file structure04.txt (compact mmCIF, C-alpha atoms (C1' of nucleotides))
# COMPACT_ATOMS: atom_id res chain seq x y z
CA MET A 209 -3.79 -19.87 30.33
CA SER A 210 -6.36 -17.17 29.80
CA ASP A 211 -9.51 -18.45 28.19
CA ALA A 212 -10.09 -17.60 24.60
CA THR A 213 -12.63 -14.89 24.82
CA LEU A 214 -11.52 -12.09 22.55
CA ARG A 215 -13.08 -11.72 19.18
CA ILE A 216 -11.01 -10.75 16.22
CA GLY A 217 -12.34 -7.22 16.20
CA GLU A 218 -11.27 -6.57 19.75
CA VAL A 219 -7.85 -8.03 19.15
CA ALA A 220 -7.44 -5.83 16.14
CA GLU A 221 -8.47 -2.78 18.04
CA ARG A 222 -6.23 -3.45 20.99
CA ALA A 223 -3.27 -4.28 18.82
CA GLY A 224 -3.86 -1.34 16.55
CA VAL A 225 -4.07 -3.39 13.40
CA ARG A 226 -6.78 -4.30 10.98
CA VAL A 227 -8.86 -7.36 11.26
CA SER A 228 -7.73 -8.39 7.83
CA LEU A 229 -4.13 -8.39 8.97
CA ILE A 230 -4.84 -10.86 11.71
CA ARG A 231 -6.52 -13.19 9.29
CA TYR A 232 -3.69 -12.73 6.89
CA TYR A 233 -1.08 -13.59 9.48
CA GLU A 234 -3.03 -16.65 10.37
CA ALA A 235 -3.24 -17.63 6.73
CA ILE A 236 0.51 -17.49 6.28
CA GLY A 237 1.13 -19.31 9.52
CA LEU A 238 2.37 -16.45 11.63
CA LEU A 239 -0.46 -16.76 14.06
CA PRO A 240 -1.78 -20.10 15.25
CA GLU A 241 -5.31 -21.04 14.38
CA PRO A 242 -7.41 -19.87 17.26
CA GLY A 243 -10.41 -21.68 18.66
CA ARG A 244 -13.77 -20.97 17.16
CA VAL A 245 -17.25 -20.43 18.42
CA SER A 246 -19.71 -21.17 15.71
CA GLY A 247 -17.24 -20.30 13.06
CA GLN A 248 -15.89 -17.18 14.70
CA ARG A 249 -12.36 -16.93 15.98
CA ARG A 250 -11.79 -16.54 19.68
CA TYR A 251 -8.45 -15.40 21.02
CA ASP A 252 -6.85 -15.07 24.37
CA GLU A 253 -4.59 -12.25 25.44
CA SER A 254 -1.43 -13.96 24.33
CA VAL A 255 -2.15 -13.10 20.75
CA LEU A 256 -1.54 -9.47 21.58
CA ARG A 257 1.95 -10.18 22.66
CA ARG A 258 2.55 -12.25 19.60
CA LEU A 259 1.40 -9.43 17.42
CA ALA A 260 3.70 -7.04 19.22
CA VAL A 261 6.65 -9.34 18.77
CA ILE A 262 5.90 -9.67 15.10
CA ASP A 263 5.73 -5.93 14.84
CA VAL A 264 9.06 -5.36 16.51
CA ALA A 265 10.81 -8.05 14.57
CA GLN A 266 9.42 -6.85 11.33
CA ARG A 267 10.48 -3.32 11.87
CA ALA A 268 13.88 -4.55 12.77
CA GLY A 269 14.07 -5.76 9.25
CA LEU A 270 13.05 -9.37 9.36
CA SER A 271 10.71 -10.69 6.73
CA LEU A 272 7.52 -12.40 7.72
CA GLU A 273 9.09 -15.65 6.63
CA GLU A 274 11.92 -15.19 9.05
CA ILE A 275 9.68 -14.10 11.82
CA LYS A 276 7.82 -17.29 11.28
CA GLU A 277 11.01 -19.12 12.02
CA LEU A 278 11.55 -17.11 15.15
CA VAL A 279 8.13 -17.29 16.52
CA ASP A 280 7.12 -20.64 15.37
CA HIS A 281 9.99 -22.99 15.96
CA GLY A 282 7.39 -25.49 17.08
CA ASN A 283 8.66 -26.87 20.30
CA ASP A 284 11.98 -27.64 18.83
CA PRO A 285 14.77 -27.69 21.34
CA LEU A 286 15.75 -24.09 20.78
CA SER A 287 16.20 -25.05 17.21
CA GLU A 288 19.14 -25.04 14.97
CA ARG A 289 17.25 -22.91 12.55
CA LEU A 290 17.11 -20.21 15.11
CA ARG A 291 20.83 -20.18 15.54
CA GLU A 292 21.16 -20.20 11.82
CA LEU A 293 18.89 -17.25 11.48
CA ALA A 294 20.89 -15.41 14.08
CA GLN A 295 24.07 -16.18 12.21
CA ARG A 296 22.66 -14.89 9.01
CA ARG A 297 20.87 -11.85 10.29
CA LEU A 298 22.94 -10.48 13.13
CA PRO A 299 25.51 -8.75 10.96
CA GLU A 300 22.77 -7.29 8.89
CA ILE A 301 20.88 -6.02 11.85
CA ASP A 302 24.08 -4.43 13.03
CA ALA A 303 24.42 -2.79 9.67
CA LEU A 304 20.86 -1.63 9.85
CA ILE A 305 21.46 -0.05 13.22
CA ASP A 306 24.60 1.57 11.97
CA ARG A 307 22.90 3.05 8.96
CA ALA A 308 19.95 4.17 10.95
CA GLN A 309 22.29 5.95 13.30
CA ARG A 310 24.04 7.74 10.52
CA VAL A 311 20.83 8.96 9.08
CA ARG A 312 19.68 9.87 12.53
CA THR A 313 22.73 11.94 13.14
CA TRP A 314 22.47 13.58 9.81
CA LEU A 315 18.85 14.37 10.32
CA ARG A 316 19.48 15.68 13.79
CA ASP A 317 22.31 17.91 12.68
CA ALA A 318 20.75 18.83 9.43
CA SER A 319 20.39 22.42 10.48
CA THR A 320 23.82 22.89 11.98
CA CYS A 321 25.96 20.57 9.93
CA GLY A 322 28.04 22.54 7.51
CA CYS A 323 27.08 20.39 4.60
CA ALA A 324 23.79 21.42 3.24
CA ARG A 325 23.73 18.72 0.68
CA ILE A 326 23.64 15.26 2.09
CA ASP A 327 25.72 14.14 -0.82
CA GLU A 328 28.62 16.05 0.57
CA CYS A 329 28.26 15.18 4.19
CA THR A 330 31.27 13.45 5.65
CA LEU A 331 28.96 11.30 7.68
CA PHE A 332 28.68 9.09 4.69
CA ASP A 333 32.31 9.00 3.86
CA ASP A 334 33.06 5.59 5.18
CA VAL A 335 30.10 3.93 3.63
CA ASP A 336 30.83 0.93 1.51
CA LEU A 337 30.60 2.61 -1.81
CA PRO A 338 32.13 -0.07 -3.93
CA SER A 339 30.49 -3.40 -4.31
CA ALA A 340 31.22 -4.44 -0.79
CA ARG A 341 27.80 -5.95 -0.81
CA HIS A 342 27.39 -9.42 0.45
CA SER A 343 24.29 -11.37 1.24
CA PRO A 344 20.77 -10.18 0.56
CA PRO A 345 20.88 -7.30 3.00
CA LEU A 346 17.85 -7.17 5.17
CA ALA A 347 14.79 -7.32 3.09
CA VAL A 348 12.95 -4.82 5.12
CA THR A 349 9.47 -4.27 3.90
CA GLN A 350 6.53 -2.03 3.72
CA VAL A 351 4.99 -1.53 7.11
CA GLU A 352 2.08 0.79 7.23
CA ARG A 353 0.05 0.67 10.35
CA PRO A 354 -2.83 3.01 9.94
CA PRO A 355 -3.42 5.31 12.85
CA HIS A 356 -5.85 2.73 13.98
CA ALA A 357 -9.11 1.02 13.12
CA GLY A 358 -10.23 0.63 9.61
CA ALA A 359 -11.75 3.27 7.43
CA ALA A 360 -10.92 2.97 3.72
CA MET B 133 34.23 18.72 -10.98
CA SER B 134 35.16 15.41 -12.48
CA ASP B 135 34.18 15.11 -16.08
CA ALA B 136 31.29 12.90 -16.90
CA THR B 137 32.97 9.89 -18.27
CA LEU B 138 31.40 6.86 -16.67
CA ARG B 139 28.88 4.88 -18.56
CA ILE B 140 25.87 3.50 -16.82
CA GLY B 141 27.23 -0.01 -16.78
CA GLU B 142 30.38 1.01 -14.98
CA VAL B 143 28.46 3.00 -12.45
CA ALA B 144 26.22 0.04 -11.83
CA GLU B 145 29.12 -2.26 -11.36
CA ARG B 146 31.00 0.02 -9.04
CA ALA B 147 27.96 0.74 -6.97
CA GLY B 148 26.90 -2.85 -6.90
CA VAL B 149 23.48 -2.22 -8.35
CA ARG B 150 21.77 -3.02 -11.60
CA VAL B 151 21.73 -0.74 -14.52
CA SER B 152 17.98 -0.80 -14.44
CA LEU B 153 17.99 0.57 -10.93
CA ILE B 154 19.98 3.59 -11.95
CA ARG B 155 17.58 4.34 -14.75
CA TYR B 156 14.70 3.80 -12.39
CA TYR B 157 16.09 6.21 -9.84
CA GLU B 158 16.55 8.75 -12.53
CA ALA B 159 13.00 8.22 -13.70
CA ILE B 160 11.59 8.93 -10.27
CA GLY B 161 13.84 11.90 -9.79
CA LEU B 162 16.27 10.47 -7.28
CA LEU B 163 19.18 10.90 -9.59
CA PRO B 164 19.68 13.94 -11.76
CA GLU B 165 19.60 13.53 -15.48
CA PRO B 166 23.16 12.98 -16.53
CA GLY B 167 24.76 14.28 -19.65
CA ARG B 168 24.53 12.21 -22.77
CA VAL B 169 26.83 11.26 -25.54
CA SER B 170 24.82 10.28 -28.56
CA GLY B 171 21.98 9.18 -26.45
CA GLN B 172 23.98 7.36 -23.83
CA ARG B 173 24.23 8.55 -20.28
CA ARG B 174 27.59 9.68 -18.97
CA TYR B 175 28.19 10.07 -15.26
CA ASP B 176 30.90 11.43 -13.09
CA GLU B 177 32.07 9.92 -9.85
CA SER B 178 29.67 11.88 -7.71
CA VAL B 179 26.84 9.62 -8.70
CA LEU B 180 28.48 6.84 -6.73
CA ARG B 181 28.28 8.79 -3.58
CA ARG B 182 24.73 9.68 -4.27
CA LEU B 183 23.86 6.06 -4.73
CA ALA B 184 25.56 5.20 -1.47
CA VAL B 185 23.66 7.85 0.38
CA ILE B 186 20.42 6.61 -1.05
CA ASP B 187 21.30 3.14 0.02
CA VAL B 188 22.05 4.11 3.57
CA ALA B 189 19.01 6.28 3.93
CA GLN B 190 16.78 3.67 2.48
CA ARG B 191 17.98 0.98 4.77
CA ALA B 192 17.51 3.31 7.64
CA GLY B 193 13.88 3.20 6.80
CA LEU B 194 13.25 6.19 4.62
CA SER B 195 11.11 5.78 1.57
CA LEU B 196 12.42 6.82 -1.79
CA GLU B 197 10.03 9.73 -1.66
CA GLU B 198 11.60 10.96 1.53
CA ILE B 199 15.08 10.39 0.32
CA LYS B 200 14.18 12.54 -2.60
CA GLU B 201 13.44 15.32 -0.17
CA LEU B 202 16.74 14.80 1.56
CA VAL B 203 18.89 14.54 -1.45
CA ASP B 204 17.14 16.81 -3.72
CA HIS B 205 16.29 19.94 -1.82
CA GLY B 206 17.33 21.82 -4.87
CA ASN B 207 19.53 24.57 -3.67
CA ASP B 208 17.04 25.63 -1.11
CA PRO B 209 18.60 27.32 1.86
CA LEU B 210 18.81 24.18 3.94
CA SER B 211 15.16 23.90 3.42
CA GLU B 212 12.27 23.89 5.74
CA ARG B 213 11.20 20.59 4.32
CA LEU B 214 14.34 19.07 5.58
CA ARG B 215 13.70 20.22 9.07
CA GLU B 216 10.18 19.00 8.74
CA LEU B 217 11.32 15.63 7.61
CA ALA B 218 13.68 15.45 10.54
CA GLN B 219 10.87 16.35 12.88
CA ARG B 220 8.69 13.65 11.47
CA ARG B 221 11.21 10.91 11.11
CA LEU B 222 13.60 11.28 13.99
CA PRO B 223 11.36 9.65 16.56
CA GLU B 224 10.63 6.87 14.18
CA ILE B 225 14.23 6.27 13.42
CA ASP B 226 14.85 6.12 17.12
CA ALA B 227 12.10 3.57 17.40
CA LEU B 228 13.59 1.64 14.55
CA ILE B 229 16.93 1.57 16.26
CA ASP B 230 15.36 0.54 19.49
CA ARG B 231 13.46 -2.29 17.90
CA ALA B 232 16.42 -3.43 15.94
CA GLN B 233 18.42 -3.54 19.12
CA ARG B 234 15.85 -5.65 20.86
CA VAL B 235 15.76 -8.14 18.09
CA ARG B 236 19.50 -8.07 17.97
CA THR B 237 19.77 -8.87 21.62
CA TRP B 238 17.22 -11.58 21.37
CA LEU B 239 18.91 -13.12 18.42
CA ARG B 240 22.30 -12.90 20.06
CA ASP B 241 21.10 -14.47 23.28
CA ALA B 242 18.78 -16.89 21.62
CA SER B 243 20.83 -19.83 22.76
CA THR B 244 21.39 -18.76 26.33
CA CYS B 245 18.28 -16.79 27.09
CA GLY B 246 15.99 -18.80 29.30
CA CYS B 247 12.99 -18.13 27.16
CA ALA B 248 12.94 -20.46 24.25
CA ARG B 249 9.85 -18.96 22.81
CA ILE B 250 10.23 -15.38 21.73
CA ASP B 251 6.65 -14.82 22.74
CA GLU B 252 7.65 -15.21 26.33
CA CYS B 253 10.86 -13.28 26.32
CA THR B 254 10.91 -10.39 28.69
CA LEU B 255 12.86 -8.41 26.15
CA PHE B 256 9.58 -7.56 24.59
CA ASP B 257 7.77 -6.75 27.76
CA ASP B 258 7.85 -3.02 27.46
CA VAL B 259 6.82 -2.88 23.88
CA ASP B 260 3.88 -0.74 23.08
CA LEU B 261 1.31 -3.45 22.91
CA PRO B 262 -1.76 -1.31 23.00
CA SER B 263 -2.59 1.09 20.28
CA ALA B 264 0.27 3.39 21.14
CA ARG B 265 0.75 3.73 17.43
CA HIS B 266 1.05 7.13 16.02
CA SER B 267 2.11 8.27 12.62
CA PRO B 268 2.83 5.96 9.72
CA PRO B 269 5.82 4.28 11.31
CA LEU B 270 8.72 4.06 8.97
CA ALA B 271 7.67 2.54 5.77
CA VAL B 272 10.76 0.52 5.33
CA THR B 273 10.77 -1.35 2.10
CA GLN B 274 12.06 -4.19 0.11
CA VAL B 275 15.72 -3.84 -0.55
CA GLU B 276 17.30 -6.66 -2.42
CA ARG B 277 20.73 -6.03 -3.72
CA PRO B 278 21.75 -9.14 -5.55
CA PRO B 279 25.32 -10.22 -4.96
CA HIS B 280 25.87 -8.37 -8.12
CA ALA B 281 25.04 -8.53 -11.82
CA GLY B 282 21.90 -10.00 -13.00
CA ALA B 283 20.47 -13.44 -13.28
CA ALA B 284 16.76 -13.51 -12.61
C1' DG C 145 31.07 -3.89 -42.63
C1' DT C 146 29.63 -7.21 -39.42
C1' DG C 147 29.08 -9.23 -34.80
C1' DA C 148 29.55 -8.84 -29.76
C1' DA C 149 28.85 -5.94 -26.11
C1' DC C 150 26.69 -2.12 -24.42
C1' DC C 151 23.06 1.39 -24.45
C1' DC C 152 18.11 3.23 -25.27
C1' DT C 153 12.76 3.45 -24.20
C1' DG C 154 8.22 2.19 -22.57
C1' DA C 155 5.34 -1.11 -20.94
C1' DA C 156 4.62 -4.96 -18.35
C1' DG C 157 5.76 -8.23 -14.75
C1' DC C 158 7.09 -9.57 -9.96
C1' DC C 159 7.39 -9.81 -4.95
C1' DG C 160 6.18 -9.01 -0.20
C1' DA C 161 2.81 -7.39 2.58
C1' DC C 162 -1.46 -6.13 3.00
C1' DT C 163 -6.39 -4.43 1.94
C1' DT C 164 -10.67 -4.62 -0.52
C1' DG C 165 -14.64 -6.65 -2.53
C1' DA C 166 -18.32 -9.80 -3.29
C1' DG C 167 -21.30 -12.77 -1.40
C1' DG C 168 -22.75 -15.39 2.68
C1' DT C 169 -23.43 -16.93 7.95
C1' DC C 170 -24.90 -16.03 12.63
C1' DA C 171 -26.77 -13.97 17.13
C1' DA C 172 -29.18 -10.43 19.26
C1' DG C 173 -32.78 -7.31 19.62
C1' DG C 174 -36.83 -4.28 18.12
C1' DC D 126 -39.55 -12.06 11.42
C1' DC D 127 -36.23 -9.23 9.79
C1' DT D 128 -32.62 -5.99 10.25
C1' DT D 129 -28.06 -4.79 12.00
C1' DG D 130 -23.44 -5.57 12.84
C1' DA D 131 -19.70 -8.38 13.49
C1' DC D 132 -17.85 -12.26 11.54
C1' DC D 133 -16.74 -15.68 7.61
C1' DT D 134 -14.06 -17.11 2.90
C1' DC D 135 -11.64 -16.58 -1.19
C1' DA D 136 -10.23 -13.99 -5.02
C1' DA D 137 -8.55 -9.97 -6.66
C1' DG D 138 -6.58 -5.38 -6.11
C1' DT D 139 -2.90 -2.09 -4.35
C1' DC D 140 1.52 -0.13 -3.38
C1' DG D 141 6.51 0.53 -3.23
C1' DG D 142 10.41 -0.83 -5.34
C1' DC D 143 12.51 -2.92 -8.78
C1' DT D 144 13.49 -6.15 -12.94
C1' DT D 145 12.35 -7.98 -17.33
C1' DC D 146 10.87 -7.85 -21.96
C1' DA D 147 10.41 -6.42 -26.68
C1' DG D 148 12.15 -3.91 -30.12
C1' DG D 149 15.47 -0.98 -31.45
C1' DG D 150 20.23 2.02 -31.71
C1' DT D 151 25.56 2.60 -31.03
C1' DT D 152 30.46 1.46 -30.60
C1' DC D 153 34.35 -0.83 -31.41
C1' DA D 154 37.46 -4.28 -32.80
C1' DC D 155 38.52 -7.03 -36.24
call {"tool": "encode", "arguments": {"input": "structure04.txt", "output": "structure tokens"}}
result
Amino acid sequence: MSDATLRIGEVAERAGVRVSLIRYYEAIGLLPEPGRVSGQRRYDESVLRRLAVIDVAQRAGLSLEEIKELVDHGNDPLSERLRELAQRRLPEIDALIDRAQRVRTWLRDASTCGCARIDECTLFDDVDLPSARHSPPLAVTQVERPPHAGAA
Amino acid sequence: MSDATLRIGEVAERAGVRVSLIRYYEAIGLLPEPGRVSGQRRYDESVLRRLAVIDVAQRAGLSLEEIKELVDHGNDPLSERLRELAQRRLPEIDALIDRAQRVRTWLRDASTCGCARIDECTLFDDVDLPSARHSPPLAVTQVERPPHAGAA
DNA sequence: GTGAACCCTGAAGCCGACTTGAGGTCAAGG
DNA sequence: CCTTGACCTCAAGTCGGCTTCAGGGTTCAC
């Protein structure tokens, strides 16, 4: 729809990311190649949404590779690969949520919970201590969004 | 309590991690220096729990640095730093959980949800598109636990 | 008393996800 | 014209979190 009118700098600012990140995402195929006006990229609003989706998915523990699958399943008929991905990742996302909630609880109760040392806290009692580890468990990755635009 | 009798290899096996990881954690101060018998480390069972806690916390999005604060608050009186950390991280953990749940839902409904393209899915409508980004938001990081022992 | 299996250290390598740097283009305006 | 500022490319650097490598020791069973 909307005509491609945004320049990369504006997109970056509105999305709260660096310009370099947008180019990077494009380079690895996470963002489609935008139109150009004498060499310069021009985006329409939809890129903002895309960036937001990427952000959410990434923080939920998906790797950029996987997000590519999500976001980019061409116009496949609701692709197989997607269902596959779901199969693979759902249990892990559940685990992620579970763990996050434990830590959350612990953190929240840190002051009142009898156990001063997290090592002793019963919250972690039922954690799979022994090698109950299965598939590569959510390769969550570094995500540092600077407060905003780009000093440094 | 328990006498330090486990060798590093056993610990690694029982915890489902590599020996090198245990040494690494020790090096960065996440694990206490264990006793030694003619140069070789000897652990007691408690290290297993510690490793599990680290694992959970890490997957919940805390950096090793932060986990160090959690785990390692000497014998401080339920330290300030802990409360600080909670202050800082709680909202972000909540966000993490929220995001994870969105992705989870999307993934789960991927087949039935009208919107084939994640970009268009209303699930992501209320996401903070604009620069509603605050503090460094949960530097979650690479976590690859191989099925077990160690090929490349 | 020797070989396999395990342990040690320190330095270097690797990976994902970005950022930075060097060197250059382009459009607008004083 | 010529500067300024936003943009361009491509290569290299950075960072967290580990693993691998090289070059030794140790233990234990035979």
call {"tool": "closest_residue", "arguments": {"input": "structure04.txt", "among": "B:Asp241, B:Tyr157, B:Ser170, B:Arg150", "to": "chain C", "atoms": "all atoms listed in the file"}}
result
B:Ser170
call {"tool": "interface_residues", "arguments": {"input": "structure04.txt", "of": "chain C", "to": "chain B", "cutoff": "8 Å", "atoms": "only C-alpha atoms (C1' of nucleotides)", "output": "list in words"}}
result
DC150, DC151, DC152 and DG160 of chain C
call {"tool": "interface_residues", "arguments": {"input": "structure04.txt", "of": "chain D", "to": "chain B", "cutoff": "12 Å", "atoms": "all atoms listed in the file", "output": "ChimeraX atom specification"}}
result
/D:140-145,150-152
call {"tool": "residues_near_point", "arguments": {"input": "structure04.txt", "point": "(-20.4, -15.9, 0.6)", "cutoff": "10 Å", "atoms": "only C-alpha atoms (C1' of nucleotides)", "output": "ChimeraX atom specification"}}
result
/C:166-169 /D:133-135
call {"tool": "atom_distance", "arguments": {"input": "structure04.txt", "atom1": "CA of Asp187 in chain B", "atom2": "C1' of DT163 in chain C"}}
result
28.8 Å
call {"tool": "atom_distance", "arguments": {"input": "structure04.txt", "atom1": "CA of Ala294 in chain A", "atom2": "CA of Ala147 in chain B"}}
result
27.5 Å
call {"tool": "residues_near_point", "arguments": {"input": "structure04.txt", "point": "(38.6, -4.7, -36.6)", "cutoff": "12 Å", "atoms": "all atoms listed in the file", "output": "list in words"}}
result
DG145, DT146 and DG147 of chain C; DT152, DC153, DA154 and DC155 of chain D
call {"tool": "atom_distance", "arguments": {"input": "structure04.txt", "atom1": "C1' of DT129 in chain D", "atom2": "C1' of DG165 in chain C"}}
result
19.9 Å
call {"tool": "closest_residue", "arguments": {"input": "structure04.txt", "among": "B:Arg155, B:Ile199, B:Arg191, B:Gly167", "to": "chain A", "atoms": "all atoms listed in the file"}}
result
B:Arg191
call {"tool": "closest_residue", "arguments": {"input": "structure04.txt", "among": "A:Ala235, A:Ala303, A:Val255, A:Ala308", "to": "chain B", "atoms": "all atoms listed in the file"}}
result
A:Ala308
call {"tool": "closest_residue", "arguments": {"input": "structure04.txt", "among": "B:Arg168, B:Lys200, B:Arg236, B:Arg220", "to": "chain A", "atoms": "only C-alpha atoms"}}
result
B:Arg236
call {"tool": "closest_residue", "arguments": {"input": "structure04.txt", "among": "B:Leu163, B:Val235, B:Val143, B:Val169", "to": "chain A", "atoms": "only C-alpha atoms"}}
result
B:Val235
call {"tool": "closest_residue", "arguments": {"input": "structure04.txt", "among": "B:Ala136, B:Leu214, B:Leu222, B:Arg231", "to": "Ala260 in chain A", "atoms": "only C-alpha atoms"}}
result
B:Arg231
call {"tool": "axis_aligned_box", "arguments": {"input": "structure04.txt", "around": "range 210-220 of chain A", "padding_each_side": "4 Å", "output": "lines of an AutoDock Vina configuration file"}}
result
center_x = -9.7
center_y = -12.1
center_z = 23.0
size_x = 14.7
size_y = 20.6
size_z = 21.7
